[in-house]
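Next comes query_35.txt, with compact mmCIF, C-alpha atoms and all ligand atoms.
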# COMPACT_ATOMS: atom_id res chain seq x y z
CA MET Y 1 -21.23 -30.62 15.16
CA ALA Y 2 -21.57 -26.91 14.55
CA SER Y 3 -18.73 -25.39 12.59
CA VAL Y 4 -16.87 -22.44 14.05
CA THR Y 5 -15.52 -19.71 11.77
CA ALA Y 6 -12.48 -17.95 13.19
CA ALA Y 7 -12.86 -14.18 13.27
CA ILE Y 8 -10.63 -12.46 10.74
CA ASP Y 9 -7.61 -10.69 12.18
CA TRP Y 10 -7.78 -7.47 10.17
CA HIS Y 11 -4.18 -6.62 10.93
CA ASP Y 12 -2.83 -9.92 9.61
CA TRP Y 13 -5.25 -9.71 6.66
CA HIS Y 14 -2.75 -7.22 5.18
CA LEU Y 15 0.21 -9.69 5.16
CA PRO Y 16 -0.27 -10.78 1.49
CA TYR Y 17 0.59 -7.21 0.50
CA ASP Y 18 4.19 -8.18 1.36
CA ASP Y 19 4.14 -10.59 -1.62
CA ASP Y 20 4.12 -8.68 -4.93
CA THR Y 21 2.65 -11.71 -6.72
CA SER Y 22 -0.34 -12.21 -4.41
CA PRO Y 23 -3.86 -11.50 -5.78
CA LEU Y 24 -4.20 -8.84 -3.07
CA SER Y 25 -1.09 -7.05 -4.39
CA ARG Y 26 -2.43 -7.30 -7.94
CA ARG Y 27 -5.72 -5.81 -6.76
CA LEU Y 28 -3.79 -3.07 -4.94
CA ARG Y 29 -1.90 -2.09 -8.09
CA LEU Y 30 -5.19 -1.73 -10.01
CA VAL Y 31 -6.71 0.45 -7.28
CA GLN Y 32 -3.53 2.59 -7.16
CA GLN Y 33 -3.55 2.89 -10.95
CA HIS Y 34 -7.10 4.24 -10.84
CA ILE Y 35 -6.23 6.70 -8.06
CA SER Y 36 -3.28 7.99 -10.14
CA GLU Y 37 -5.37 8.24 -13.32
CA TRP Y 38 -8.08 10.07 -11.42
CA LEU Y 39 -5.52 12.60 -10.13
CA ASP Y 40 -4.13 13.02 -13.65
CA HIS Y 41 -7.61 13.90 -14.91
CA ARG Y 42 -8.48 16.32 -12.11
CA PRO Y 43 -6.53 19.61 -12.41
CA ASP Y 44 -8.21 21.06 -9.26
CA SER Y 45 -5.88 22.76 -6.79
CA SER Y 46 -7.63 21.02 -3.91
CA LEU Y 47 -9.22 17.56 -3.83
CA ARG Y 48 -10.89 15.60 -1.04
CA ILE Y 49 -10.64 11.84 -0.69
CA VAL Y 50 -12.20 9.47 1.80
CA SER Y 51 -11.21 5.83 2.15
CA VAL Y 52 -13.92 3.67 3.74
CA CYS Y 53 -12.54 0.86 5.96
CA ALA Y 54 -9.10 1.98 4.85
CA GLY Y 55 -7.06 -0.70 6.60
CA GLN Y 56 -3.40 0.32 6.57
CA GLY Y 57 -3.99 2.69 3.65
CA HIS Y 58 -1.65 0.97 1.20
CA ASP Y 59 -3.71 2.06 -1.82
CA LEU Y 60 -3.86 5.78 -1.14
CA ILE Y 61 -0.47 6.13 0.54
CA GLY Y 62 1.22 4.11 -2.22
CA ALA Y 63 -0.46 6.08 -4.99
CA LEU Y 64 0.31 9.48 -3.46
CA ALA Y 65 3.84 8.78 -2.19
CA SER Y 66 5.44 9.10 -5.63
CA ARG Y 67 3.46 12.14 -6.78
CA SER Y 68 4.81 15.67 -6.74
CA ASP Y 69 1.23 17.02 -6.58
CA ALA Y 70 0.20 15.07 -3.46
CA ASP Y 71 -0.23 18.34 -1.58
CA ARG Y 72 -3.40 18.96 -3.63
CA VAL Y 73 -5.04 16.15 -1.69
CA CYS Y 74 -6.83 16.27 1.64
CA ALA Y 75 -7.68 12.66 2.51
CA GLU Y 76 -9.21 10.87 5.47
CA LEU Y 77 -8.71 7.16 6.04
CA ILE Y 78 -11.52 5.79 8.20
CA GLU Y 79 -10.55 2.50 9.86
CA TYR Y 80 -11.79 0.70 12.95
CA ASP Y 81 -8.83 -1.49 13.98
CA PRO Y 82 -6.41 0.66 16.02
CA ARG Y 83 -3.41 -1.44 14.89
CA ASN Y 84 -4.20 -0.63 11.27
CA VAL Y 85 -4.75 3.03 12.11
CA ALA Y 86 -1.29 3.08 13.73
CA ALA Y 87 0.27 1.36 10.69
CA ALA Y 88 -1.46 3.84 8.36
CA ARG Y 89 -0.19 6.79 10.41
CA MET Y 90 3.34 5.39 10.20
CA GLY Y 91 3.00 5.01 6.42
CA ILE Y 92 1.64 8.53 6.09
CA ALA Y 93 4.53 9.97 8.13
CA ALA Y 94 7.15 7.91 6.26
CA ALA Y 95 5.81 9.19 2.92
CA GLY Y 96 5.60 12.79 4.19
CA LEU Y 97 1.94 13.08 3.21
CA ASN Y 98 0.78 16.00 5.30
CA GLY Y 99 -2.71 16.09 3.80
CA ILE Y 100 -3.70 12.57 4.88
CA THR Y 101 -5.29 11.73 8.21
CA ALA Y 102 -6.06 8.25 9.58
CA THR Y 103 -9.05 8.26 11.90
CA GLN Y 104 -10.16 5.41 14.16
CA ALA Y 105 -13.94 5.25 13.64
CA ASP Y 106 -16.83 3.05 12.52
CA ALA Y 107 -17.08 3.70 8.79
CA GLY Y 108 -20.55 2.15 8.79
CA ASP Y 109 -21.87 5.20 10.61
CA PHE Y 110 -22.62 8.41 8.70
CA ALA Y 111 -21.21 10.37 11.63
CA ALA Y 112 -17.70 9.18 10.67
CA TYR Y 113 -17.86 11.33 7.50
CA ARG Y 114 -18.42 14.67 9.22
CA ARG Y 115 -15.11 16.05 7.96
CA ALA Y 116 -14.54 13.93 4.85
CA ALA Y 117 -17.84 14.41 2.97
CA PRO Y 118 -18.51 15.54 0.34
CA ALA Y 119 -15.48 13.83 -1.20
CA ASP Y 120 -14.19 14.02 -4.77
CA LEU Y 121 -12.97 10.42 -4.56
CA VAL Y 122 -14.37 7.64 -2.40
CA VAL Y 123 -12.20 4.51 -2.08
CA LEU Y 124 -14.34 1.50 -1.21
CA ALA Y 125 -11.78 -1.32 -1.25
CA GLY Y 126 -12.41 -4.50 0.73
CA VAL Y 127 -15.83 -3.36 1.95
CA LEU Y 128 -18.53 -4.69 -0.39
CA GLY Y 129 -17.45 -8.33 0.17
CA ASN Y 130 -17.71 -8.06 3.95
CA ILE Y 131 -21.25 -6.78 4.37
CA SER Y 132 -24.67 -8.27 3.58
CA ASP Y 133 -26.08 -7.96 0.05
CA GLY Y 134 -28.71 -5.59 1.44
CA ASP Y 135 -26.00 -3.42 2.97
CA VAL Y 136 -24.06 -3.45 -0.32
CA ARG Y 137 -27.07 -1.91 -2.00
CA ALA Y 138 -27.68 0.50 0.90
CA THR Y 139 -24.01 1.58 0.81
CA ILE Y 140 -24.17 2.31 -2.93
CA ASN Y 141 -27.42 4.23 -2.37
CA ALA Y 142 -25.71 6.21 0.42
CA LEU Y 143 -22.80 7.31 -1.80
CA PRO Y 144 -24.61 10.45 -3.12
CA ARG Y 145 -24.48 11.66 0.50
CA LEU Y 146 -20.70 11.17 0.60
CA CYS Y 147 -19.85 12.34 -2.93
CA ALA Y 148 -19.23 15.84 -4.27
CA ALA Y 149 -20.44 16.67 -7.78
CA ASP Y 150 -18.51 14.69 -10.41
CA ALA Y 151 -16.92 12.44 -7.78
CA THR Y 152 -15.42 9.05 -8.54
CA VAL Y 153 -15.85 5.87 -6.52
CA ILE Y 154 -13.21 3.15 -6.79
CA TRP Y 155 -14.50 -0.14 -5.39
CA THR Y 156 -13.56 -3.80 -5.13
CA ARG Y 157 -15.56 -6.94 -4.63
CA THR Y 158 -14.87 -10.67 -4.82
CA ARG Y 159 -16.63 -12.59 -7.62
CA ARG Y 160 -16.87 -15.70 -5.45
CA SER Y 161 -20.17 -17.48 -6.27
CA PRO Y 162 -22.81 -16.16 -6.14
CA ASP Y 163 -21.15 -13.29 -8.00
CA LEU Y 164 -22.83 -10.04 -6.90
CA THR Y 165 -20.88 -7.78 -9.25
CA PRO Y 166 -23.53 -7.70 -12.03
CA ALA Y 167 -26.07 -6.48 -9.46
CA ILE Y 168 -23.55 -4.04 -7.94
CA ARG Y 169 -22.87 -2.47 -11.33
CA GLY Y 170 -26.60 -2.05 -11.88
CA TRP Y 171 -27.06 -0.50 -8.44
CA PHE Y 172 -24.34 2.05 -9.21
CA THR Y 173 -26.22 3.01 -12.38
CA ASP Y 174 -29.49 3.31 -10.44
CA ALA Y 175 -27.77 5.59 -7.89
CA GLY Y 176 -26.60 8.05 -10.57
CA PHE Y 177 -23.15 6.68 -11.46
CA ALA Y 178 -21.62 5.87 -14.85
CA GLU Y 179 -19.16 3.01 -15.13
CA GLU Y 180 -15.66 4.10 -16.14
CA ALA Y 181 -13.89 0.76 -15.61
CA PHE Y 182 -14.52 -2.77 -14.45
CA HIS Y 183 -11.66 -5.25 -14.12
CA ALA Y 184 -12.42 -8.92 -13.62
CA PRO Y 185 -9.20 -10.88 -14.32
CA PRO Y 186 -10.08 -14.48 -15.23
CA ASP Y 187 -7.46 -16.16 -13.04
CA VAL Y 188 -8.46 -14.52 -9.74
CA LEU Y 189 -11.71 -13.81 -7.89
CA PHE Y 190 -11.27 -10.10 -7.16
CA SER Y 191 -12.75 -7.34 -9.27
CA VAL Y 192 -12.08 -3.61 -9.30
CA GLY Y 193 -14.53 -1.00 -10.55
CA ALA Y 194 -14.51 2.76 -11.03
CA HIS Y 195 -17.73 4.73 -11.27
CA ARG Y 196 -18.28 8.44 -11.82
CA PHE Y 197 -21.08 10.31 -10.12
CA HIS Y 198 -23.39 12.23 -12.44
CA GLY Y 199 -26.22 12.79 -9.97
CA GLN Y 200 -26.95 15.55 -7.51
CA PRO Y 201 -24.93 15.37 -4.26
CA GLN Y 202 -27.10 15.05 -1.18
CA GLN Y 203 -26.48 16.52 2.23
CA ALA Y 204 -24.59 14.10 4.51
CA ARG Y 205 -26.73 12.92 7.39
CA PRO Y 206 -24.96 13.43 10.71
CA THR Y 207 -26.28 10.18 12.21
CA GLY Y 208 -27.59 6.81 11.06
CA ARG Y 209 -26.06 3.60 9.80
CA ILE Y 210 -24.84 2.85 6.29
CA PHE Y 211 -23.61 -0.75 6.77
CA THR Y 212 -22.47 -3.25 9.37
CA PHE Y 213 -19.40 -5.43 8.83
CA THR Y 214 -20.27 -9.12 8.97
CA ALA Y 215 -16.80 -10.70 8.71
C1 LIG F 1 -10.83 -6.22 3.72
S1 LIG F 1 -9.97 -5.07 4.72
C2 LIG F 1 -9.67 -3.77 3.52
C3 LIG F 1 -8.61 -2.80 3.94
C4 LIG F 1 -8.21 -1.80 2.88
N1 LIG F 1 -9.34 -1.04 2.40
C5 LIG F 1 -7.54 -2.50 1.74
O1 LIG F 1 -8.19 -2.76 0.71
O2 LIG F 1 -6.34 -2.77 1.85
C6 LIG F 1 -11.32 -4.43 5.67
C7 LIG F 1 -10.92 -3.40 6.69
O3 LIG F 1 -12.10 -2.87 7.29
C8 LIG F 1 -11.84 -2.64 8.65
N2 LIG F 1 -13.14 -2.53 9.32
C9 LIG F 1 -13.97 -3.51 9.72
N3 LIG F 1 -15.11 -2.98 10.25
C10 LIG F 1 -14.97 -1.65 10.16
C11 LIG F 1 -15.80 -0.55 10.52
N4 LIG F 1 -17.00 -0.72 11.07
N5 LIG F 1 -15.34 0.71 10.30
C12 LIG F 1 -14.12 0.92 9.75
N6 LIG F 1 -13.31 -0.08 9.38
C13 LIG F 1 -13.72 -1.34 9.57
C14 LIG F 1 -10.98 -3.80 9.07
O4 LIG F 1 -10.28 -3.53 10.26
C15 LIG F 1 -10.08 -3.94 7.84
O5 LIG F 1 -8.91 -3.18 7.99
Let me see the file written as structure tokens.
Ligand SMILES: C[S@@+](CC[C@H](N)C(=O)[O-])C[C@H]1O[C@@H](n2cnc3c(N)ncnc32)[C@H](O)[C@@H]1O
Amino acid sequence: MASVTAAIDWHDWHLPYDDDTSPLSRRLRLVQQHISEWLDHRPDSSLRIVSVCAGQGHDLIGALASRSDADRVCAELIEYDPRNVAAARMGIAAAGLNGITATQADAGDFAAYRRAAPADLVVLAGVLGNISDGDVRATINALPRLCAADATVIWTRTRRSPDLTPAIRGWFTDAGFAEEAFHAPPDVLFSVGAHRFHGQPQQARPTGRIFTFTA
């Protein structure tokens, strides 16, 4: 008998964030820590951030909510599920973050980045584990079209076998990035990486696909 895989409900996917001890919450804290450290190291008066498949925006909203310099940031959260976009907008309003916008769009399409690129920080959390290996590589290769000079990319990926993270780290290097951090806690499957762009930014293409979600 053929097995049937239930489609993931991307709204309910966020429920483990309610439990501080869940692996997802641990992953979130690492991503937020890197966002905060990145802000600490960038004195610029104006910074652009894009979050790819942003979900409810817990990482960016949580990291910015407690900062007195949040008004330096102009951020766009690109998310497909309208329920998550609505939740993100509520979170943004509750935190008083005037510089953040949540947009309902297909983040796998270059056209979605018309306003957000080139970005100084690209958040790629919960993306690389939900697309084909070929699209993971294509997405990393597309980042120079989304990144400003000296940009940082914060990314996550499961290390469930077969672990793609060694290849991912190599692909970042090939695309002109230097690794600043890679967390792979031994008791969980998630990993969090931070890479800095040392290459030449490329002009964003207005059309064309970057990746297609498979989950
Ligand atoms: C694994 S969750 C990650 C959410 C968020 N980045 C986080 O780490 O909390 C993946 C998210 O991608 C969204 N998504 C799926 N396909 C998408 C697409 N084509 N464009 C934008 N978002 C998409 C889902 O609705 C879901 O919120």
Report task. Between Y:Ala215, Y:Val50, Y:Cys74, Y:Ala151, single out the one closest to ligand LIG 1 (chain F), counting all atoms listed in the file. Result -> Y:Ala215
Report task. Would you mind listing the residues within 7 Å of ligand LIG 1 (chain F), counting all atoms listed in the file, as a PyMOL selection string? Result -> chain Y and resi 10-11+13-14+52-59+78-81+84+105-108+124-127+212-213
Query - Close residues, His195 (chain Y) itself excluded, 6 Å, only C-alpha atoms, min 4 positions apart in chain, as a ChimeraX atom specification - result: /Y:152-153,177-180
Report task. Within 12 Å of Arg114 (chain Y), counting only C-alpha atoms, which residues show up once you throw out same-chain ones fewer than 4 positions away? Write them as a VMD selection string, please. Result -> chain Y and resid 50 76 78 103 105 107 109 to 110 118 to 119 145 to 146 203 to 207
Counting only C-alpha atoms, which residues sit no farther than 12 Å from the position (-13.9, -4.4, -16.2) in the file's frame? I'd like them as a PDB file with C-alpha atoms, in the frame of the given file.
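Written file, point09.pdb:
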ATOM      1  CA  LEU Y  30      -5.190  -1.730 -10.010  1.00  0.00           C
ATOM      2  CA  TRP Y 155     -14.500  -0.140  -5.390  1.00  0.00           C
ATOM      3  CA  THR Y 156     -13.560  -3.800  -5.130  1.00  0.00           C
ATOM      4  CA  ARG Y 157     -15.560  -6.940  -4.630  1.00  0.00           C
ATOM      5  CA  THR Y 165     -20.880  -7.780  -9.250  1.00  0.00           C
ATOM      6  CA  PRO Y 166     -23.530  -7.700 -12.030  1.00  0.00           C
ATOM      7  CA  ARG Y 169     -22.870  -2.470 -11.330  1.00  0.00           C
ATOM      8  CA  GLU Y 179     -19.160   3.010 -15.130  1.00  0.00           C
ATOM      9  CA  GLU Y 180     -15.660   4.100 -16.140  1.00  0.00           C
ATOM     10  CA  ALA Y 181     -13.890   0.760 -15.610  1.00  0.00           C
ATOM     11  CA  PHE Y 182     -14.520  -2.770 -14.450  1.00  0.00           C
ATOM     12  CA  HIS Y 183     -11.660  -5.250 -14.120  1.00  0.00           C
ATOM     13  CA  ALA Y 184     -12.420  -8.920 -13.620  1.00  0.00           C
ATOM     14  CA  PRO Y 185      -9.200 -10.880 -14.320  1.00  0.00           C
ATOM     15  CA  PRO Y 186     -10.080 -14.480 -15.230  1.00  0.00           C
ATOM     16  CA  PHE Y 190     -11.270 -10.100  -7.160  1.00  0.00           C
ATOM     17  CA  SER Y 191     -12.750  -7.340  -9.270  1.00  0.00           C
ATOM     18  CA  VAL Y 192     -12.080  -3.610  -9.300  1.00  0.00           C
ATOM     19  CA  GLY Y 193     -14.530  -1.000 -10.550  1.00  0.00           C
ATOM     20  CA  ALA Y 194     -14.510   2.760 -11.030  1.00  0.00           C
ATOM     21  CA  HIS Y 195     -17.730   4.730 -11.270  1.00  0.00           C
TER      22      HIS Y 195
END
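Between Arg159 (chain Y) and the residues Y:Ile140, Y:Ala116, Y:Val188, Y:Asp9, the shortest atom-to-atom distance, using all atoms listed in the file, involves Y:Val188.
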Report summary line: The residue from Y:Pro43, Y:Gly62, Y:Pro23, Y:Pro201 with the smallest atom-to-atom distance to Ala148 (chain Y), counting only C-alpha atoms, is Y:Pro201
